[in-house]
>>> print(open('coords_13.cif').read())   # mmCIF, C-alpha atoms and all ligand atoms
data_protein
loop_
_atom_site.group_PDB
_atom_site.id
_atom_site.type_symbol
_atom_site.label_atom_id
_atom_site.label_comp_id
_atom_site.auth_asym_id
_atom_site.auth_seq_id
_atom_site.Cartn_x
_atom_site.Cartn_y
_atom_site.Cartn_z
ATOM 1 C CA MET V 147 0.000 0.000 0.000
ATOM 2 C CA LYS V 148 1.251 3.434 -0.967
ATOM 3 C CA VAL V 149 1.551 6.039 1.796
ATOM 4 C CA VAL V 150 2.505 9.713 1.983
ATOM 5 C CA ARG V 151 3.978 10.602 5.339
ATOM 6 C CA ASP V 152 6.800 12.265 7.232
ATOM 7 C CA PHE V 153 9.916 10.347 8.247
ATOM 8 C CA LEU V 154 12.447 11.461 10.833
ATOM 9 C CA LEU V 155 16.062 11.637 9.679
ATOM 10 C CA SER V 156 17.945 9.751 12.401
ATOM 11 C CA ALA V 157 21.403 9.604 10.791
ATOM 12 C CA ASN V 158 23.165 11.215 7.854
ATOM 13 C CA VAL V 159 26.553 9.681 7.056
ATOM 14 C CA GLU V 160 28.727 11.251 4.359
ATOM 15 C CA LEU V 161 30.277 8.193 2.673
ATOM 16 C CA THR V 162 32.306 10.322 0.216
ATOM 17 C CA PRO V 163 32.020 13.996 -0.780
ATOM 18 C CA ARG V 164 29.453 12.945 -3.448
ATOM 19 C CA PHE V 165 27.434 10.255 -1.636
ATOM 20 C CA SER V 166 25.514 10.212 1.652
ATOM 21 C CA LEU V 167 23.611 7.461 3.418
ATOM 22 C CA LEU V 168 20.438 8.722 5.056
ATOM 23 C CA THR V 169 18.626 6.675 7.700
ATOM 24 C CA PHE V 170 15.040 7.514 8.619
ATOM 25 C CA GLN V 171 12.610 6.298 11.245
ATOM 26 C CA GLY V 172 8.872 6.120 10.696
ATOM 27 C CA GLU V 173 5.880 3.903 10.158
ATOM 28 C CA LEU V 174 6.504 1.867 7.024
ATOM 29 C CA PRO V 175 3.751 0.258 4.968
ATOM 30 C CA GLU V 176 3.667 -3.483 4.413
ATOM 31 C CA GLY V 177 5.156 -5.187 1.391
ATOM 32 C CA ILE V 178 8.014 -2.908 0.283
ATOM 33 C CA ARG V 179 9.923 -4.779 -2.425
ATOM 34 C CA PRO V 180 13.555 -4.363 -3.495
ATOM 35 C CA GLY V 181 13.762 -2.086 -6.532
ATOM 36 C CA GLN V 182 10.880 0.135 -5.460
ATOM 37 C CA PHE V 183 11.447 3.824 -4.843
ATOM 38 C CA ALA V 184 10.251 6.800 -2.823
ATOM 39 C CA GLN V 185 9.184 10.209 -4.131
ATOM 40 C CA VAL V 186 10.916 12.532 -1.694
ATOM 41 C CA ARG V 187 9.633 16.059 -1.091
ATOM 42 C CA ILE V 188 12.481 18.521 -0.752
ATOM 43 C CA ASP V 189 11.321 21.356 1.492
ATOM 44 C CA ASP V 190 13.208 24.661 1.832
ATOM 45 C CA SER V 191 14.953 24.292 -1.541
ATOM 46 C CA PRO V 192 13.479 27.153 -3.601
ATOM 47 C CA THR V 193 14.649 25.686 -6.933
ATOM 48 C CA THR V 194 13.268 22.163 -6.281
ATOM 49 C CA PHE V 195 9.554 22.114 -7.046
ATOM 50 C CA LEU V 196 8.908 18.447 -7.737
ATOM 51 C CA ARG V 197 9.524 15.435 -5.519
ATOM 52 C CA ARG V 198 12.700 13.527 -6.372
ATOM 53 C CA PRO V 199 12.686 9.743 -7.009
ATOM 54 C CA ILE V 200 15.170 7.860 -4.793
ATOM 55 C CA SER V 201 15.511 4.049 -4.581
ATOM 56 C CA ILE V 202 14.816 2.319 -1.321
ATOM 57 C CA ASN V 203 18.244 1.121 -0.200
ATOM 58 C CA TYR V 204 16.872 -0.796 2.752
ATOM 59 C CA ALA V 205 13.575 -0.951 4.632
ATOM 60 C CA ASP V 206 12.698 -2.827 7.808
ATOM 61 C CA ARG V 207 9.094 -2.493 8.849
ATOM 62 C CA ASP V 208 9.675 -4.091 12.278
ATOM 63 C CA THR V 209 12.118 -1.381 13.369
ATOM 64 C CA GLY V 210 10.599 1.368 11.202
ATOM 65 C CA THR V 211 13.955 1.899 9.505
ATOM 66 C CA LEU V 212 14.267 3.255 5.974
ATOM 67 C CA ARG V 213 17.552 4.004 4.223
ATOM 68 C CA LEU V 214 18.299 6.067 1.119
ATOM 69 C CA LEU V 215 21.676 6.318 -0.602
ATOM 70 C CA VAL V 216 21.913 9.739 -2.212
ATOM 71 C CA ARG V 217 24.333 11.107 -4.813
ATOM 72 C CA ARG V 218 24.725 14.861 -5.100
ATOM 73 C CA ALA V 219 23.357 15.600 -8.596
ATOM 74 C CA GLY V 220 21.814 19.060 -8.189
ATOM 75 C CA ASP V 221 19.966 21.315 -5.772
ATOM 76 C CA GLY V 222 17.450 18.736 -4.540
ATOM 77 C CA THR V 223 19.902 15.967 -3.728
ATOM 78 C CA ASN V 224 22.433 18.475 -2.337
ATOM 79 C CA HIS V 225 19.741 19.670 0.023
ATOM 80 C CA LEU V 226 18.968 16.103 1.123
ATOM 81 C CA CYS V 227 22.657 15.306 1.693
ATOM 82 C CA ASP V 228 23.036 18.480 3.811
ATOM 83 C CA MET V 229 20.096 17.739 6.127
ATOM 84 C CA GLU V 230 20.740 17.454 9.847
ATOM 85 C CA PRO V 231 19.510 14.469 11.898
ATOM 86 C CA GLY V 232 16.228 15.398 13.551
ATOM 87 C CA SER V 233 14.823 16.850 10.317
ATOM 88 C CA SER V 234 11.524 15.631 8.966
ATOM 89 C CA VAL V 235 11.174 14.540 5.332
ATOM 90 C CA ASN V 236 7.897 13.830 3.553
ATOM 91 C CA MET V 237 7.908 10.801 1.236
ATOM 92 C CA MET V 238 5.454 8.936 -0.939
ATOM 93 C CA LEU V 239 6.293 5.220 -1.002
ATOM 94 C CA PRO V 240 6.630 2.500 -2.086
ATOM 95 C CA LEU V 241 6.383 3.258 -5.816
ATOM 96 C CA GLY V 242 7.103 1.142 -8.887
ATOM 97 C CA ASN V 243 7.228 -2.601 -9.356
ATOM 98 C CA GLY V 244 10.535 -3.899 -7.937
ATOM 99 C CA PHE V 245 12.748 -6.843 -8.909
ATOM 100 C CA ARG V 246 11.290 -10.332 -9.403
ATOM 101 C CA LEU V 247 12.977 -12.717 -6.979
ATOM 102 C CA PRO V 248 13.829 -16.276 -8.061
ATOM 103 C CA ASP V 249 12.287 -18.999 -5.949
ATOM 104 C CA GLN V 250 14.801 -21.796 -6.393
ATOM 105 C CA GLU V 251 17.439 -22.125 -3.681
ATOM 106 C CA GLY V 252 20.091 -23.198 -6.172
ATOM 107 C CA SER V 253 19.925 -19.880 -8.052
ATOM 108 C CA ARG V 254 23.165 -17.988 -8.788
ATOM 109 C CA PRO V 255 22.136 -14.347 -9.158
ATOM 110 C CA LEU V 256 24.623 -11.682 -10.226
ATOM 111 C CA LEU V 257 23.746 -8.180 -9.021
ATOM 112 C CA VAL V 258 25.510 -5.478 -11.053
ATOM 113 C CA GLY V 259 25.542 -1.901 -9.810
ATOM 114 C CA GLY V 260 27.318 1.216 -11.040
ATOM 115 C CA GLY V 261 27.655 4.444 -9.051
ATOM 116 C CA VAL V 262 24.513 5.212 -7.077
ATOM 117 C CA GLY V 263 22.882 2.309 -8.959
ATOM 118 C CA VAL V 264 24.160 0.076 -6.168
ATOM 119 C CA ALA V 265 21.395 1.568 -3.967
ATOM 120 C CA PRO V 266 18.528 -0.864 -4.670
ATOM 121 C CA LEU V 267 20.878 -3.864 -4.768
ATOM 122 C CA MET V 268 21.382 -3.789 -0.990
ATOM 123 C CA MET V 269 17.776 -4.644 -0.200
ATOM 124 C CA LEU V 270 17.640 -7.078 -3.115
ATOM 125 C CA GLY V 271 20.770 -8.866 -1.847
ATOM 126 C CA LYS V 272 19.395 -9.064 1.689
ATOM 127 C CA GLU V 273 16.094 -10.523 0.483
ATOM 128 C CA LEU V 274 17.893 -13.102 -1.658
ATOM 129 C CA ALA V 275 20.130 -14.077 1.274
ATOM 130 C CA GLY V 276 17.011 -14.377 3.453
ATOM 131 C CA LYS V 277 15.664 -16.934 0.947
ATOM 132 C CA GLY V 278 18.866 -18.966 1.217
ATOM 133 C CA ILE V 279 20.214 -17.691 -2.132
ATOM 134 C CA ARG V 280 23.785 -16.337 -1.981
ATOM 135 C CA PRO V 281 24.156 -13.344 -4.306
ATOM 136 C CA THR V 282 27.305 -12.236 -6.103
ATOM 137 C CA PHE V 283 27.666 -8.470 -6.419
ATOM 138 C CA LEU V 284 29.613 -6.802 -9.203
ATOM 139 C CA LEU V 285 30.050 -3.230 -8.000
ATOM 140 C CA ALA V 286 31.509 -0.531 -10.212
ATOM 141 C CA ALA V 287 32.657 3.014 -9.565
ATOM 142 C CA ARG V 288 35.073 5.622 -10.876
ATOM 143 C CA THR V 289 37.643 4.891 -8.144
ATOM 144 C CA ALA V 290 38.075 2.536 -5.163
ATOM 145 C CA ASP V 291 37.050 5.411 -2.836
ATOM 146 C CA GLU V 292 33.628 5.529 -4.500
ATOM 147 C CA LEU V 293 32.810 1.842 -4.048
ATOM 148 C CA LEU V 294 30.000 2.306 -1.554
ATOM 149 C CA LEU V 295 28.978 0.162 1.434
ATOM 150 C CA LEU V 296 31.483 -2.559 0.519
ATOM 151 C CA ASP V 297 31.638 -4.117 3.988
ATOM 152 C CA GLU V 298 27.872 -4.410 4.147
ATOM 153 C CA PHE V 299 27.716 -5.992 0.688
ATOM 154 C CA ARG V 300 30.486 -8.427 1.701
ATOM 155 C CA GLY V 301 28.375 -9.431 4.708
ATOM 156 C CA ILE V 302 25.626 -10.623 2.357
ATOM 157 C CA GLY V 303 27.405 -12.245 -0.562
ATOM 158 C CA ASP V 304 30.510 -12.430 -2.755
ATOM 159 C CA VAL V 305 31.778 -9.113 -4.064
ATOM 160 C CA LEU V 306 33.585 -8.375 -7.341
ATOM 161 C CA THR V 307 34.620 -4.851 -8.244
ATOM 162 C CA ALA V 308 35.444 -2.774 -11.303
ATOM 163 C CA THR V 309 36.811 0.766 -11.336
ATOM 164 C CA ASP V 310 37.482 3.212 -14.167
ATOM 165 C CA ASP V 311 41.070 3.737 -12.963
ATOM 166 C CA GLY V 312 41.807 0.159 -11.867
ATOM 167 C CA SER V 313 42.238 1.182 -8.195
ATOM 168 C CA SER V 314 40.022 -1.765 -7.150
ATOM 169 C CA GLY V 315 39.201 -4.969 -9.003
ATOM 170 C CA GLU V 316 39.265 -5.021 -12.774
ATOM 171 C CA LYS V 317 39.973 -1.815 -14.682
ATOM 172 C CA GLY V 318 37.056 -0.696 -16.835
ATOM 173 C CA PHE V 319 33.276 -0.528 -16.762
ATOM 174 C CA ALA V 320 31.045 -3.113 -15.104
ATOM 175 C CA HIS V 321 29.827 -4.561 -18.403
ATOM 176 C CA GLN V 322 33.435 -5.178 -19.460
ATOM 177 C CA HIS V 323 34.152 -7.287 -16.337
ATOM 178 C CA SER V 324 35.222 -10.891 -16.904
ATOM 179 C CA ALA V 325 32.257 -12.073 -14.779
ATOM 180 C CA LEU V 326 30.103 -11.128 -17.764
ATOM 181 C CA SER V 327 32.175 -12.774 -20.461
ATOM 182 C CA GLY V 328 30.783 -16.097 -21.641
ATOM 183 C CA SER V 329 27.767 -17.670 -20.030
ATOM 184 C CA GLY V 330 29.196 -17.782 -16.482
ATOM 185 C CA PRO V 331 27.387 -19.604 -13.691
ATOM 186 C CA TRP V 332 24.591 -17.002 -13.441
ATOM 187 C CA SER V 333 20.929 -17.968 -13.330
ATOM 188 C CA ILE V 334 19.789 -14.322 -13.488
ATOM 189 C CA ILE V 335 21.436 -10.907 -13.697
ATOM 190 C CA TYR V 336 19.981 -7.832 -11.984
ATOM 191 C CA CYS V 337 21.383 -4.450 -12.909
ATOM 192 C CA CYS V 338 21.090 -0.789 -11.946
ATOM 193 C CA GLY V 339 23.335 2.067 -13.023
ATOM 194 C CA PRO V 340 24.062 4.442 -15.888
ATOM 195 C CA ALA V 341 22.180 3.590 -19.107
ATOM 196 C CA PRO V 342 25.293 2.711 -21.190
ATOM 197 C CA MET V 343 26.392 0.266 -18.474
ATOM 198 C CA MET V 344 22.938 -1.338 -18.274
ATOM 199 C CA LYS V 345 22.810 -1.653 -22.060
ATOM 200 C CA GLY V 346 26.223 -3.337 -21.991
ATOM 201 C CA VAL V 347 25.136 -5.728 -19.250
ATOM 202 C CA ALA V 348 21.879 -6.456 -21.098
ATOM 203 C CA ALA V 349 23.824 -7.241 -24.287
ATOM 204 C CA ALA V 350 26.139 -9.609 -22.383
ATOM 205 C CA ALA V 351 23.169 -11.340 -20.729
ATOM 206 C CA LYS V 352 21.358 -11.751 -24.053
ATOM 207 C CA LYS V 353 24.476 -13.197 -25.668
ATOM 208 C CA ALA V 354 24.874 -15.670 -22.798
ATOM 209 C CA GLY V 355 21.172 -16.533 -22.742
ATOM 210 C CA VAL V 356 20.825 -15.463 -19.098
ATOM 211 C CA ALA V 357 17.672 -13.761 -17.777
ATOM 212 C CA CYS V 358 18.250 -10.124 -16.911
ATOM 213 C CA GLU V 359 16.321 -7.331 -15.202
ATOM 214 C CA VAL V 360 17.399 -3.691 -15.266
ATOM 215 C CA SER V 361 16.176 -0.744 -13.217
ATOM 216 C CA LEU V 362 15.730 2.385 -15.333
ATOM 217 C CA GLU V 363 16.296 5.900 -14.018
ATOM 218 C CA ASN V 364 14.253 7.935 -16.507
ATOM 219 C CA MET V 365 13.436 11.515 -15.528
ATOM 220 C CA MET V 366 10.319 11.570 -13.375
ATOM 221 C CA ALA V 367 7.896 14.189 -12.140
ATOM 222 C CA CYS V 368 4.678 12.810 -10.609
ATOM 223 C CA GLY V 369 5.859 9.234 -9.992
ATOM 224 C CA LEU V 370 2.254 8.073 -10.368
ATOM 225 C CA GLY V 371 1.653 7.558 -14.088
ATOM 226 C CA ALA V 372 -0.110 10.906 -14.588
ATOM 227 C CA CYS V 373 2.366 13.241 -16.322
ATOM 228 C CA LEU V 374 3.867 10.817 -18.894
ATOM 229 C CA CYS V 375 7.317 12.384 -18.598
ATOM 230 C CA CYS V 376 9.036 9.069 -17.782
ATOM 231 C CA VAL V 377 7.833 7.110 -20.841
ATOM 232 C CA GLU V 378 10.026 4.285 -22.189
ATOM 233 C CA LYS V 379 9.521 2.492 -25.491
ATOM 234 C CA THR V 380 8.973 -1.247 -24.977
ATOM 235 C CA VAL V 381 7.927 -4.165 -27.160
ATOM 236 C CA ARG V 382 4.404 -3.572 -25.773
ATOM 237 C CA GLY V 383 4.439 0.110 -26.775
ATOM 238 C CA ASN V 384 5.254 3.155 -24.655
ATOM 239 C CA VAL V 385 4.921 2.675 -20.892
ATOM 240 C CA CYS V 386 5.488 4.835 -17.811
ATOM 241 C CA VAL V 387 8.644 3.787 -15.995
ATOM 242 C CA CYS V 388 7.246 5.049 -12.671
ATOM 243 C CA THR V 389 4.324 2.608 -12.707
ATOM 244 C CA GLU V 390 5.302 -0.220 -15.121
ATOM 245 C CA GLY V 391 8.937 -0.092 -13.928
ATOM 246 C CA PRO V 392 11.432 1.039 -12.902
ATOM 247 C CA VAL V 393 12.462 -2.631 -13.228
ATOM 248 C CA PHE V 394 12.127 -4.252 -16.661
ATOM 249 C CA ASN V 395 13.007 -7.609 -18.107
ATOM 250 C CA ILE V 396 15.444 -6.780 -20.918
ATOM 251 C CA ASN V 397 13.296 -8.766 -23.361
ATOM 252 C CA ASP V 398 10.566 -6.157 -22.876
ATOM 253 C CA LEU V 399 12.857 -3.281 -23.856
ATOM 254 C CA THR V 400 13.753 -2.244 -27.390
ATOM 255 C CA TRP V 401 17.505 -1.940 -26.585
HETATM 256 C C1 LIG Z 501 13.542 5.190 -10.137
HETATM 257 C C2 LIG Z 501 14.691 6.111 -9.790
HETATM 258 C C3 LIG Z 501 15.494 5.800 -8.709
HETATM 259 C C4 LIG Z 501 16.554 6.649 -8.357
HETATM 260 N N1 LIG Z 501 17.293 6.307 -7.269
HETATM 261 C C5 LIG Z 501 18.259 7.138 -6.844
HETATM 262 C C6 LIG Z 501 18.990 6.842 -5.644
HETATM 263 O O1 LIG Z 501 18.778 5.811 -4.984
HETATM 264 N N2 LIG Z 501 19.905 7.747 -5.241
HETATM 265 C C7 LIG Z 501 20.162 8.903 -5.950
HETATM 266 O O2 LIG Z 501 20.997 9.706 -5.510
HETATM 267 N N3 LIG Z 501 19.513 9.196 -7.089
HETATM 268 C C8 LIG Z 501 18.556 8.357 -7.548
HETATM 269 N N4 LIG Z 501 17.859 8.669 -8.692
HETATM 270 C C9 LIG Z 501 18.224 9.880 -9.457
HETATM 271 C C10 LIG Z 501 17.657 11.121 -8.762
HETATM 272 O O3 LIG Z 501 16.242 11.058 -8.811
HETATM 273 C C11 LIG Z 501 18.151 12.403 -9.440
HETATM 274 O O4 LIG Z 501 19.555 12.489 -9.325
HETATM 275 C C12 LIG Z 501 17.520 13.603 -8.764
HETATM 276 O O5 LIG Z 501 16.147 13.655 -9.061
HETATM 277 C C13 LIG Z 501 18.202 14.876 -9.200
HETATM 278 O O6 LIG Z 501 17.551 15.957 -8.576
HETATM 279 P P1 LIG Z 501 18.353 17.269 -8.158
HETATM 280 O O7 LIG Z 501 17.367 18.307 -7.772
HETATM 281 O O8 LIG Z 501 19.422 16.960 -7.175
HETATM 282 O O9 LIG Z 501 19.143 17.688 -9.464
HETATM 283 P P2 LIG Z 501 18.640 18.473 -10.759
HETATM 284 O O10 LIG Z 501 19.397 19.747 -10.809
HETATM 285 O O11 LIG Z 501 17.159 18.544 -10.858
HETATM 286 O O12 LIG Z 501 19.155 17.507 -11.889
HETATM 287 C C14 LIG Z 501 20.469 16.998 -11.914
HETATM 288 C C15 LIG Z 501 20.507 15.806 -12.845
HETATM 289 O O13 LIG Z 501 19.604 14.797 -12.374
HETATM 290 C C16 LIG Z 501 18.680 14.390 -13.384
HETATM 291 N N5 LIG Z 501 17.296 14.452 -12.832
HETATM 292 C C17 LIG Z 501 16.683 15.568 -12.384
HETATM 293 N N6 LIG Z 501 15.438 15.307 -11.946
HETATM 294 C C18 LIG Z 501 15.248 13.991 -12.138
HETATM 295 C C19 LIG Z 501 14.144 13.151 -11.907
HETATM 296 N N7 LIG Z 501 13.012 13.601 -11.360
HETATM 297 N N8 LIG Z 501 14.275 11.844 -12.232
HETATM 298 C C20 LIG Z 501 15.429 11.390 -12.735
HETATM 299 N N9 LIG Z 501 16.502 12.132 -12.975
HETATM 300 C C21 LIG Z 501 16.425 13.431 -12.695
HETATM 301 C C22 LIG Z 501 18.808 15.395 -14.512
HETATM 302 O O14 LIG Z 501 18.931 14.701 -15.739
HETATM 303 C C23 LIG Z 501 20.064 16.158 -14.256
HETATM 304 O O15 LIG Z 501 21.080 15.720 -15.116
HETATM 305 C C24 LIG Z 501 16.814 7.831 -9.103
HETATM 306 C C25 LIG Z 501 16.003 8.150 -10.207
HETATM 307 C C26 LIG Z 501 14.958 7.291 -10.548
HETATM 308 C C27 LIG Z 501 14.094 7.636 -11.718
HETATM 309 S S1 LIG Z 502 6.674 10.374 -13.558
HETATM 310 FE FE1 LIG Z 502 4.738 11.107 -14.156
HETATM 311 S S2 LIG Z 502 4.038 9.478 -15.407
HETATM 312 FE FE2 LIG Z 502 5.893 8.718 -14.606
#
>>> encode(input="coords_13.cif", output="structure tokens")
Amino acid sequence: MKVVRDFLLSANVELTPRFSLLTFQGELPEGIRPGQFAQVRIDDSPTTFLRRPISINYADRDTGTLRLLVRRAGDGTNHLCDMEPGSSVNMMLPLGNGFRLPDQEGSRPLLVGGGVGVAPLMMLGKELAGKGIRPTFLLAARTADELLLLDEFRGIGDVLTATDDGSSGEKGFAHQHSALSGSGPWSIIYCCGPAPMMKGVAAAAKKAGVACEVSLENMMACGLGACLCCVEKTVRGNVCVCTEGPVFNINDLTW
């Protein structure tokens, strides 16, 4: 069930100068799925009129804990990253469809994230681990310093890395990593990150005949399917990413 309510910012940790991890407390609705997002209202930012879509990094209804991983991209996200604990933030959530989890225990999922695209993979990895499925993460960033939440990812599954400058793991982009060459052991690949990276991962998955889901980050305004500004062309025609996505099976996309 979708709700619109205030959440209390309980912690704001600057992971790097560009990325902050925000932890909120509040009453969470039932049934939040990995890959869903929140529309966050940015108060007191005169240039930010619309809510901003941010992936749910982690949500635990029992403790009322909600986490967002935020990259400074402009005024709205700068404002969020600068907020002091104790502030109240209004959010509409959960929105979108979320990733489809495999049900077989023997599954070998590969979770590929680039930059702030690692955000939804944390909750996805935790849910997979909770089902007895050990995920492998392939995390990519510009430099080793920008590989986010590595220890937490390592606590859930196996972690491979790729960096633009080769300071951690393989040098190059995520889709060029050797984990994606050939068919590999993967039963499914989940991916979130910059569009060129996701297209590269989708191409590798198609070539290997492995199922693949990607989470798109099209520009959004309403987040509710009303303004049509997030439309993506699919094999079924044009659809709103905010309601039909943000997660798509690559076979449904026209990439
Ligand atoms: C489903 C989804 C999940 C996302 N998850 C995260 C996340 O977990 N963490 C995170 O930091 N960012 C996430 N983003 C991106 C985030 O929404 C944008 O960076 C943010 O809206 C930029 O707002 P701004 O005011 O800071 O910058 P602006 O000055 O408004 O814009 C800066 C840049 O961000 C892009 N942008 C602006 N508004 C939007 C918008 N409404 N939707 C998409 N892109 C936009 C623009 O292309 C521009 O290049 C997600 C986007 C989507 C669609
Ligand atoms: S953001 Fe308005 S229709 Fe998707």
>>> resolve_selection(input="coords_13.cif", expression="the PyMOL selection byres (((chain V and resi 321) around 6) and not hetatm)", output="PyMOL selection string")
chain V and resi 319-320+322-323+343+346-347
>>> resolve_selection(input="coords_13.cif", expression="the PyMOL selection byres (((chain V and resi 357) around 7) and not hetatm)", output="ChimeraX atom specification")
/V:333-335,351,355-356,358
>>> closest_atom_pairs(input="coords_13.cif", of="chain V", to="ligand LIG 502 (chain Z)", cutoff="10 Å", atoms="all atoms listed in the file", output="JSON lines")
{"residue": "V:Gln185", "atom": "CA", "partner": "Z:LIG502", "partner_atom": "S1", "distance": 9.8}
{"residue": "V:Arg197", "atom": "CA", "partner": "Z:LIG502", "partner_atom": "S1", "distance": 9.9}
{"residue": "V:Arg198", "atom": "CA", "partner": "Z:LIG502", "partner_atom": "S1", "distance": 9.9}
{"residue": "V:Pro199", "atom": "CA", "partner": "Z:LIG502", "partner_atom": "S1", "distance": 8.9}
{"residue": "V:Gly242", "atom": "CA", "partner": "Z:LIG502", "partner_atom": "FE2", "distance": 9.6}
{"residue": "V:Asn364", "atom": "CA", "partner": "Z:LIG502", "partner_atom": "S1", "distance": 8.5}
{"residue": "V:Met365", "atom": "CA", "partner": "Z:LIG502", "partner_atom": "S1", "distance": 7.1}
{"residue": "V:Met366", "atom": "CA", "partner": "Z:LIG502", "partner_atom": "S1", "distance": 3.8}
{"residue": "V:Ala367", "atom": "CA", "partner": "Z:LIG502", "partner_atom": "S1", "distance": 4.2}
{"residue": "V:Cys368", "atom": "CA", "partner": "Z:LIG502", "partner_atom": "FE1", "distance": 3.9}
{"residue": "V:Gly369", "atom": "CA", "partner": "Z:LIG502", "partner_atom": "S1", "distance": 3.8}
{"residue": "V:Leu370", "atom": "CA", "partner": "Z:LIG502", "partner_atom": "FE1", "distance": 5.5}
{"residue": "V:Gly371", "atom": "CA", "partner": "Z:LIG502", "partner_atom": "S2", "distance": 3.3}
{"residue": "V:Ala372", "atom": "CA", "partner": "Z:LIG502", "partner_atom": "S2", "distance": 4.5}
{"residue": "V:Cys373", "atom": "CA", "partner": "Z:LIG502", "partner_atom": "FE1", "distance": 3.9}
{"residue": "V:Leu374", "atom": "CA", "partner": "Z:LIG502", "partner_atom": "S2", "distance": 3.7}
{"residue": "V:Cys375", "atom": "CA", "partner": "Z:LIG502", "partner_atom": "FE1", "distance": 5.3}
{"residue": "V:Cys376", "atom": "CA", "partner": "Z:LIG502", "partner_atom": "FE2", "distance": 4.5}
{"residue": "V:Val377", "atom": "CA", "partner": "Z:LIG502", "partner_atom": "FE2", "distance": 6.7}
{"residue": "V:Glu378", "atom": "CA", "partner": "Z:LIG502", "partner_atom": "FE2", "distance": 9.7}
{"residue": "V:Val385", "atom": "CA", "partner": "Z:LIG502", "partner_atom": "FE2", "distance": 8.8}
{"residue": "V:Cys386", "atom": "CA", "partner": "Z:LIG502", "partner_atom": "FE2", "distance": 5.1}
{"residue": "V:Val387", "atom": "CA", "partner": "Z:LIG502", "partner_atom": "FE2", "distance": 5.8}
{"residue": "V:Cys388", "atom": "CA", "partner": "Z:LIG502", "partner_atom": "FE2", "distance": 4.4}
{"residue": "V:Thr389", "atom": "CA", "partner": "Z:LIG502", "partner_atom": "FE2", "distance": 6.6}
{"residue": "V:Glu390", "atom": "CA", "partner": "Z:LIG502", "partner_atom": "FE2", "distance": 9.0}
{"residue": "V:Gly391", "atom": "CA", "partner": "Z:LIG502", "partner_atom": "FE2", "distance": 9.3}
{"residue": "V:Pro392", "atom": "CA", "partner": "Z:LIG502", "partner_atom": "FE2", "distance": 9.6}
>>> closest_residue(input="coords_13.cif", among="V:Val305, V:Leu270, V:Met147, V:Cys227", to="ligand LIG 501 (chain Z)", atoms="all atoms listed in the file")
V:Cys227
>>> resolve_selection(input="coords_13.cif", expression="the PyMOL selection byres (((not hetatm)) within 7 of (chain Z and resi 501))", output="number ranges by chain")
V: 183, 194, 198-203, 214-224, 262-263, 265-266, 362-367, 388, 392
>>> closest_residue(input="coords_13.cif", among="V:Gly278, V:Pro163, V:Gly301, V:Gly177", to="V:Pro240", atoms="all atoms listed in the file")
V:Gly177
>>> residues_around(input="coords_13.cif", residues="V:Gln171", least_positions_apart="3", cutoff="6 Å", atoms="all atoms listed in the file", output="PyMOL selection string")
chain V and resi 153-154+210-211
>>> closest_residue(input="coords_13.cif", among="V:Asp311, V:Lys277, V:Phe170, V:Leu196", to="V:Gln250", atoms="all atoms listed in the file")
V:Lys277
>>> closest_residue(input="coords_13.cif", among="V:Ile188, V:Leu174, V:Leu295, V:Val360", to="V:Asp228", atoms="all atoms listed in the file")
V:Ile188
>>> decode(input="coords_13.cif", residues="stretch 201-211 of chain V", atoms="N, CA and C atoms", output="PDB file, in the first residue's frame")
ATOM      1  N   SER V 201      15.728   5.478  -4.849  1.00  0.00           N
ATOM      2  CA  SER V 201      15.511   4.049  -4.581  1.00  0.00           C
ATOM      3  C   SER V 201      15.530   3.757  -3.090  1.00  0.00           C
ATOM      4  N   ILE V 202      14.769   2.777  -2.711  1.00  0.00           N
ATOM      5  CA  ILE V 202      14.816   2.319  -1.321  1.00  0.00           C
ATOM      6  C   ILE V 202      16.043   1.414  -1.181  1.00  0.00           C
ATOM      7  N   ASN V 203      16.989   1.875  -0.388  1.00  0.00           N
ATOM      8  CA  ASN V 203      18.244   1.121  -0.200  1.00  0.00           C
ATOM      9  C   ASN V 203      18.020  -0.026   0.768  1.00  0.00           C
ATOM     10  N   TYR V 204      17.174   0.231   1.754  1.00  0.00           N
ATOM     11  CA  TYR V 204      16.872  -0.796   2.752  1.00  0.00           C
ATOM     12  C   TYR V 204      15.633  -0.348   3.517  1.00  0.00           C
ATOM     13  N   ALA V 205      14.756  -1.283   3.828  1.00  0.00           N
ATOM     14  CA  ALA V 205      13.575  -0.951   4.632  1.00  0.00           C
ATOM     15  C   ALA V 205      13.273  -2.110   5.561  1.00  0.00           C
ATOM     16  N   ASP V 206      13.049  -1.793   6.829  1.00  0.00           N
ATOM     17  CA  ASP V 206      12.698  -2.827   7.808  1.00  0.00           C
ATOM     18  C   ASP V 206      11.476  -2.339   8.587  1.00  0.00           C
ATOM     19  N   ARG V 207      10.354  -2.954   8.262  1.00  0.00           N
ATOM     20  CA  ARG V 207       9.094  -2.493   8.849  1.00  0.00           C
ATOM     21  C   ARG V 207       9.067  -2.701  10.364  1.00  0.00           C
ATOM     22  N   ASP V 208       9.710  -3.787  10.841  1.00  0.00           N
ATOM     23  CA  ASP V 208       9.675  -4.091  12.278  1.00  0.00           C
ATOM     24  C   ASP V 208      10.307  -2.974  13.108  1.00  0.00           C
ATOM     25  N   THR V 209      11.434  -2.436  12.604  1.00  0.00           N
ATOM     26  CA  THR V 209      12.118  -1.381  13.369  1.00  0.00           C
ATOM     27  C   THR V 209      11.766   0.013  12.839  1.00  0.00           C
ATOM     28  N   GLY V 210      10.964   0.072  11.782  1.00  0.00           N
ATOM     29  CA  GLY V 210      10.599   1.368  11.202  1.00  0.00           C
ATOM     30  C   GLY V 210      11.793   2.092  10.602  1.00  0.00           C
ATOM     31  N   THR V 211      12.733   1.305  10.053  1.00  0.00           N
ATOM     32  CA  THR V 211      13.955   1.899   9.505  1.00  0.00           C
ATOM     33  C   THR V 211      13.907   1.931   7.977  1.00  0.00           C
TER      34      THR V 211
END
